[in-house]
Amino acid sequence: MDRFTAVERALRRSAPHALLEAVREALAVHYAADSADLLMADYAMTILQPVNALPLTATPVPVHTSAPGRAFGAQEPYVEPDGPADLTTVHLPVTVRGDRIGILTVHLPTRACDPATVRELADVAEVLGHAIVVAERDTDLYLQARRAERLTLAAEMQWQLLPGRSCSRPEYEIGAQLEPAYAIYGDNFDWSTSADHLTLTVSNGMGKGIEAALLTNLAVNAMRNARRAGLSLVDQACLADQAVYGHFQGAAHLSVLLLRFHLGTGETEIIDAGSPTMWRMRDGRPEPVDLDAQLPFGMSEDTPYTTEHFRVRPGDRLLFVSDGVYNTASPTGERYSERALSRAMTSTRLLPPSQVPRAVLGELAGYRGPIDAEDDAMVVCLDWRGRA
């Protein structure tokens, strides 16, 4: 058995709460590692927090001004250039199919640290990420390490509903973020992929707090139920609309944009049910995409929905924003306009999708100034590469 396989086996056999201890022991035995630490990205994606500390008491590491943050942002192993001559520190991204979870930091004897070893350790960090995703079904340890402060109950419900914050396949890459991370209301995003299709939904529910979270949970699970039954995009919309209306009787509604991409051709079915705003950047030029607006889910009984068609090309970038972005006001009362959003898309065009939402929301916070946000804000970025 080679050493990588031995570490992988140790992680598979570990108790859910003891993954860090298992990887430490295995790395010490098979790689002569002096020590190892696991840092988890918080919900706002601005800090990395140690897993082995009590919740909300850990000393955070900033993402933007630290060595672990450098590896997290670039999604590449980073070897610290400075340090003791006999010890080398390597920071390794813990990522699962494009979803950035955190950083594994390993301290190795310098004599044992070579490029082949760093590549093996990067694979170990990826295996650790998969183990964490499975372990989160049975322990709260890793979810606790992601929070820098206590979540509101509504935010807890919303975060548990999300598929992740980024996803990558050869045909596309997605990045998404909600703000404020610890007190979000009704905004949501969801995606699912198959051999031939990607289904993406972005939604903006009315209201705040628990009522908004309950509305969003009902609608998203209704869409998932229909999608998993193999129903068409129209039927997914109709089932969710009936579920929301049946429960709220028109007193609450949810604006949703549903998209179904064919991975081979880029042909896309779209239903705009009073949706969040959709923008496209093609050949370096950002522009809003005009869609035929239909009624939001739950506004009236038995609303009929129809699809319209759209085609994405390799190199296209799609950006989806909720009204919490578009309607944000500056200290002087001026709304965040199309011009500001166009400028934000242009300034972030070289960033990968996983970093674009954080950058746009950071610019939005600067635009808003010291004023507290009136609504939650959602940004979803999709880069389309297509198939050869």
# chains A, B, ... in the order shown; residues from 1 in each chain; ligands from 1
$ residues_around --residues "Leu257 of chain A" --least-positions-apart "5" --cutoff "7 Å" --atoms "only C-alpha atoms" --output "number ranges by chain"
A: 201-203, 271-273, 275-276
$ select_by_dssp --residues "segment 112-353 of chain A" --states "alpha helix (DSSP H)" --output "PyMOL selection string"
chain A and resi 115-135+141-145+153-161+209-228+233-248+323-326+338-347
$ closest_residue --among "A:Ala293, A:Val234, A:Ala6, A:Cys167" --to "Asp99 of chain A" --atoms "only C-alpha atoms"
A:Cys167
$ residues_around --residues "Leu128 of chain A" --least-positions-apart "5" --cutoff "10 Å" --atoms "only C-alpha atoms" --output "MDAnalysis selection string"
chainID A and resid 7:8 11:12 19:20 23 38 94:96 104 122:123 133:134
$ write_last_selection --atoms "N, CA and C atoms" --output "mmCIF file, in the first residue's frame"
data_model
loop_
_atom_site.group_PDB
_atom_site.id
_atom_site.type_symbol
_atom_site.label_atom_id
_atom_site.label_comp_id
_atom_site.auth_asym_id
_atom_site.auth_seq_id
_atom_site.Cartn_x
_atom_site.Cartn_y
_atom_site.Cartn_z
ATOM 1 N N VAL A 7 -3.275 7.102 3.863
ATOM 2 C CA VAL A 7 -3.955 8.267 4.447
ATOM 3 C C VAL A 7 -5.430 8.251 4.074
ATOM 4 N N GLU A 8 -5.730 7.935 2.827
ATOM 5 C CA GLU A 8 -7.120 7.869 2.376
ATOM 6 C C GLU A 8 -7.909 6.847 3.187
ATOM 7 N N LEU A 11 -8.765 8.132 6.663
ATOM 8 C CA LEU A 11 -9.889 9.061 6.658
ATOM 9 C C LEU A 11 -11.214 8.318 6.519
ATOM 10 N N ARG A 12 -11.257 7.297 5.678
ATOM 11 C CA ARG A 12 -12.501 6.530 5.508
ATOM 12 C C ARG A 12 -12.914 5.826 6.792
ATOM 13 N N LEU A 19 -11.887 13.567 11.951
ATOM 14 C CA LEU A 19 -11.147 13.571 10.692
ATOM 15 C C LEU A 19 -9.807 14.287 10.817
ATOM 16 N N LEU A 20 -9.774 15.395 11.536
ATOM 17 C CA LEU A 20 -8.521 16.133 11.678
ATOM 18 C C LEU A 20 -7.485 15.294 12.427
ATOM 19 N N VAL A 23 -6.202 12.560 10.044
ATOM 20 C CA VAL A 23 -5.272 13.015 9.006
ATOM 21 C C VAL A 23 -3.945 13.446 9.628
ATOM 22 N N LEU A 38 -6.608 22.310 10.240
ATOM 23 C CA LEU A 38 -7.702 22.467 9.291
ATOM 24 C C LEU A 38 -8.418 23.770 9.573
ATOM 25 N N VAL A 94 -8.887 22.768 0.453
ATOM 26 C CA VAL A 94 -9.834 21.680 0.701
ATOM 27 C C VAL A 94 -11.091 22.016 -0.092
ATOM 28 N N THR A 95 -11.253 21.354 -1.223
ATOM 29 C CA THR A 95 -12.295 21.713 -2.187
ATOM 30 C C THR A 95 -12.959 20.458 -2.725
ATOM 31 N N VAL A 96 -14.270 20.519 -2.907
ATOM 32 C CA VAL A 96 -15.021 19.376 -3.433
ATOM 33 C C VAL A 96 -15.787 19.816 -4.668
ATOM 34 N N LEU A 104 -6.116 23.012 4.404
ATOM 35 C CA LEU A 104 -5.327 22.106 5.240
ATOM 36 C C LEU A 104 -3.898 22.612 5.251
ATOM 37 N N ALA A 122 -1.871 17.710 -1.897
ATOM 38 C CA ALA A 122 -3.045 18.369 -2.478
ATOM 39 C C ALA A 122 -4.164 17.357 -2.704
ATOM 40 N N ASP A 123 -3.805 16.148 -3.134
ATOM 41 C CA ASP A 123 -4.809 15.092 -3.291
ATOM 42 C C ASP A 123 -5.376 14.667 -1.938
ATOM 43 N N VAL A 133 -17.668 16.487 3.755
ATOM 44 C CA VAL A 133 -19.029 16.574 3.222
ATOM 45 C C VAL A 133 -19.878 15.406 3.729
ATOM 46 N N VAL A 134 -19.304 14.210 3.752
ATOM 47 C CA VAL A 134 -20.034 13.042 4.253
ATOM 48 C C VAL A 134 -20.223 13.143 5.763
#
$ select_by_dssp --residues "segment 272-348 of chain A" --states "strand (DSSP E)" --output "list of chain:residue names"
A:Asp272, A:Ala273, A:Thr277, A:Met278, A:Trp279, A:Arg280, A:Met281, A:Arg282, A:Arg285, A:Pro286, A:Glu287, A:Pro288, A:Glu308, A:His309, A:Phe310, A:Arg311, A:Arg317, A:Leu318, A:Leu319, A:Phe320, A:Val321
$ atom_distance --atom1 "atom CA of His262 of chain A" --atom2 "atom CA of Arg282 of chain A"
18.7 Å
$ residues_around --residues "Ala44 of chain A" --least-positions-apart "5" --cutoff "9 Å" --atoms "only C-alpha atoms" --output "JSON, numbers by chain"
{"A": [147, 148, 177, 178, 179, 180, 181, 182, 358]}
$ write_last_selection --atoms "N, CA and C atoms" --output "tab-separated table (two decimals), in the first residue's frame"
chain	number	residue	atom	x	y	z
A	147	ARG	N	-18.85	29.38	11.24
A	147	ARG	CA	-19.55	30.60	11.65
A	147	ARG	C	-18.71	31.44	12.61
A	148	ALA	N	-18.60	32.71	12.26
A	148	ALA	CA	-17.86	33.65	13.10
A	148	ALA	C	-18.75	34.25	14.17
A	177	GLN	N	-23.17	33.64	-3.60
A	177	GLN	CA	-23.01	34.13	-2.23
A	177	GLN	C	-24.26	34.91	-1.81
A	178	LEU	N	-24.59	34.81	-0.52
A	178	LEU	CA	-25.67	35.57	0.09
A	178	LEU	C	-25.10	36.50	1.15
A	179	GLU	N	-25.67	37.69	1.27
A	179	GLU	CA	-25.28	38.66	2.29
A	179	GLU	C	-26.54	39.36	2.81
A	180	PRO	N	-26.59	39.78	4.09
A	180	PRO	CA	-25.58	39.50	5.11
A	180	PRO	C	-25.63	38.03	5.50
A	181	ALA	N	-24.49	37.40	5.62
A	181	ALA	CA	-24.41	35.95	5.72
A	181	ALA	C	-25.07	35.40	6.98
A	182	TYR	N	-25.12	36.20	8.04
A	182	TYR	CA	-25.60	35.66	9.32
A	182	TYR	C	-27.04	36.06	9.65
A	358	ARG	N	-18.33	37.48	-4.13
A	358	ARG	CA	-17.72	38.17	-2.98
A	358	ARG	C	-17.21	39.55	-3.39
$ closest_residue --among "A:Asp376, A:Gln355, A:Glu173, A:Thr139" --to "Val63 of chain A" --atoms "only C-alpha atoms"
A:Gln355
$ residues_around --residues "Gly324 of chain A" --least-positions-apart "4" --cutoff "8 Å" --atoms "only C-alpha atoms" --output "PDB file with C-alpha atoms, in the first residue's frame"
ATOM      1  CA  THR A 328     -29.257  49.197  -2.648  1.00  0.00           C
ATOM      2  CA  GLU A 374     -32.350  46.960   4.089  1.00  0.00           C
ATOM      3  CA  ASP A 375     -32.557  43.562   2.394  1.00  0.00           C
ATOM      4  CA  ASP A 376     -30.412  40.517   1.792  1.00  0.00           C
ATOM      5  CA  ALA A 377     -28.405  40.448  -1.419  1.00  0.00           C
ATOM      6  CA  MET A 378     -27.644  37.481  -3.662  1.00  0.00           C
TER       7      MET A 378
END
$ atom_distance --atom1 "atom CA of Ile270 of chain A" --atom2 "atom CA of Leu233 of chain A"
8.1 Å
$ decode --residues "segment 190-240 of chain A" --atoms "C-alpha atoms" --output "mmCIF file, in the first residue's frame"
data_model
loop_
_atom_site.group_PDB
_atom_site.id
_atom_site.type_symbol
_atom_site.label_atom_id
_atom_site.label_comp_id
_atom_site.auth_asym_id
_atom_site.auth_seq_id
_atom_site.Cartn_x
_atom_site.Cartn_y
_atom_site.Cartn_z
ATOM 1 C CA ASP A 190 -30.111 26.006 -6.201
ATOM 2 C CA TRP A 191 -28.575 23.840 -8.888
ATOM 3 C CA SER A 192 -28.521 20.231 -10.030
ATOM 4 C CA THR A 193 -26.625 18.551 -12.832
ATOM 5 C CA SER A 194 -27.033 15.351 -14.843
ATOM 6 C CA ALA A 195 -25.163 13.802 -17.740
ATOM 7 C CA ASP A 196 -26.770 16.212 -20.211
ATOM 8 C CA HIS A 197 -28.334 19.115 -18.322
ATOM 9 C CA LEU A 198 -27.748 21.742 -15.651
ATOM 10 C CA THR A 199 -30.793 23.113 -13.851
ATOM 11 C CA LEU A 200 -30.273 26.411 -12.025
ATOM 12 C CA THR A 201 -32.810 28.393 -9.992
ATOM 13 C CA VAL A 202 -32.412 31.745 -8.278
ATOM 14 C CA SER A 203 -35.210 33.097 -6.117
ATOM 15 C CA ASN A 204 -36.185 36.125 -4.096
ATOM 16 C CA GLY A 205 -38.920 35.586 -1.502
ATOM 17 C CA MET A 206 -40.968 38.357 0.027
ATOM 18 C CA GLY A 207 -40.866 39.137 3.736
ATOM 19 C CA LYS A 208 -38.199 38.716 6.398
ATOM 20 C CA GLY A 209 -37.109 36.292 9.062
ATOM 21 C CA ILE A 210 -38.815 32.963 9.633
ATOM 22 C CA GLU A 211 -41.761 33.701 7.323
ATOM 23 C CA ALA A 212 -39.422 34.386 4.389
ATOM 24 C CA ALA A 213 -37.377 31.262 5.178
ATOM 25 C CA LEU A 214 -40.503 29.089 5.355
ATOM 26 C CA LEU A 215 -41.752 30.472 2.034
ATOM 27 C CA THR A 216 -38.413 29.806 0.336
ATOM 28 C CA ASN A 217 -38.098 26.310 1.827
ATOM 29 C CA LEU A 218 -41.557 25.364 0.592
ATOM 30 C CA ALA A 219 -40.955 26.610 -2.949
ATOM 31 C CA VAL A 220 -37.433 25.206 -3.333
ATOM 32 C CA ASN A 221 -38.413 21.773 -2.063
ATOM 33 C CA ALA A 222 -41.456 21.768 -4.351
ATOM 34 C CA MET A 223 -39.187 22.508 -7.337
ATOM 35 C CA ARG A 224 -36.757 19.798 -6.233
ATOM 36 C CA ASN A 225 -39.591 17.318 -5.823
ATOM 37 C CA ALA A 226 -40.806 17.997 -9.355
ATOM 38 C CA ARG A 227 -37.300 17.952 -10.820
ATOM 39 C CA ARG A 228 -36.452 14.634 -9.148
ATOM 40 C CA ALA A 229 -39.673 13.175 -10.516
ATOM 41 C CA GLY A 230 -38.355 13.944 -14.002
ATOM 42 C CA LEU A 231 -40.914 16.671 -14.729
ATOM 43 C CA SER A 232 -40.335 19.421 -17.274
ATOM 44 C CA LEU A 233 -39.280 22.944 -16.338
ATOM 45 C CA VAL A 234 -42.871 24.149 -16.851
ATOM 46 C CA ASP A 235 -44.208 21.461 -14.536
ATOM 47 C CA GLN A 236 -41.570 22.302 -11.927
ATOM 48 C CA ALA A 237 -42.772 25.894 -11.958
ATOM 49 C CA CYS A 238 -46.452 24.908 -11.837
ATOM 50 C CA LEU A 239 -45.970 22.507 -8.923
ATOM 51 C CA ALA A 240 -44.040 25.078 -6.898
#
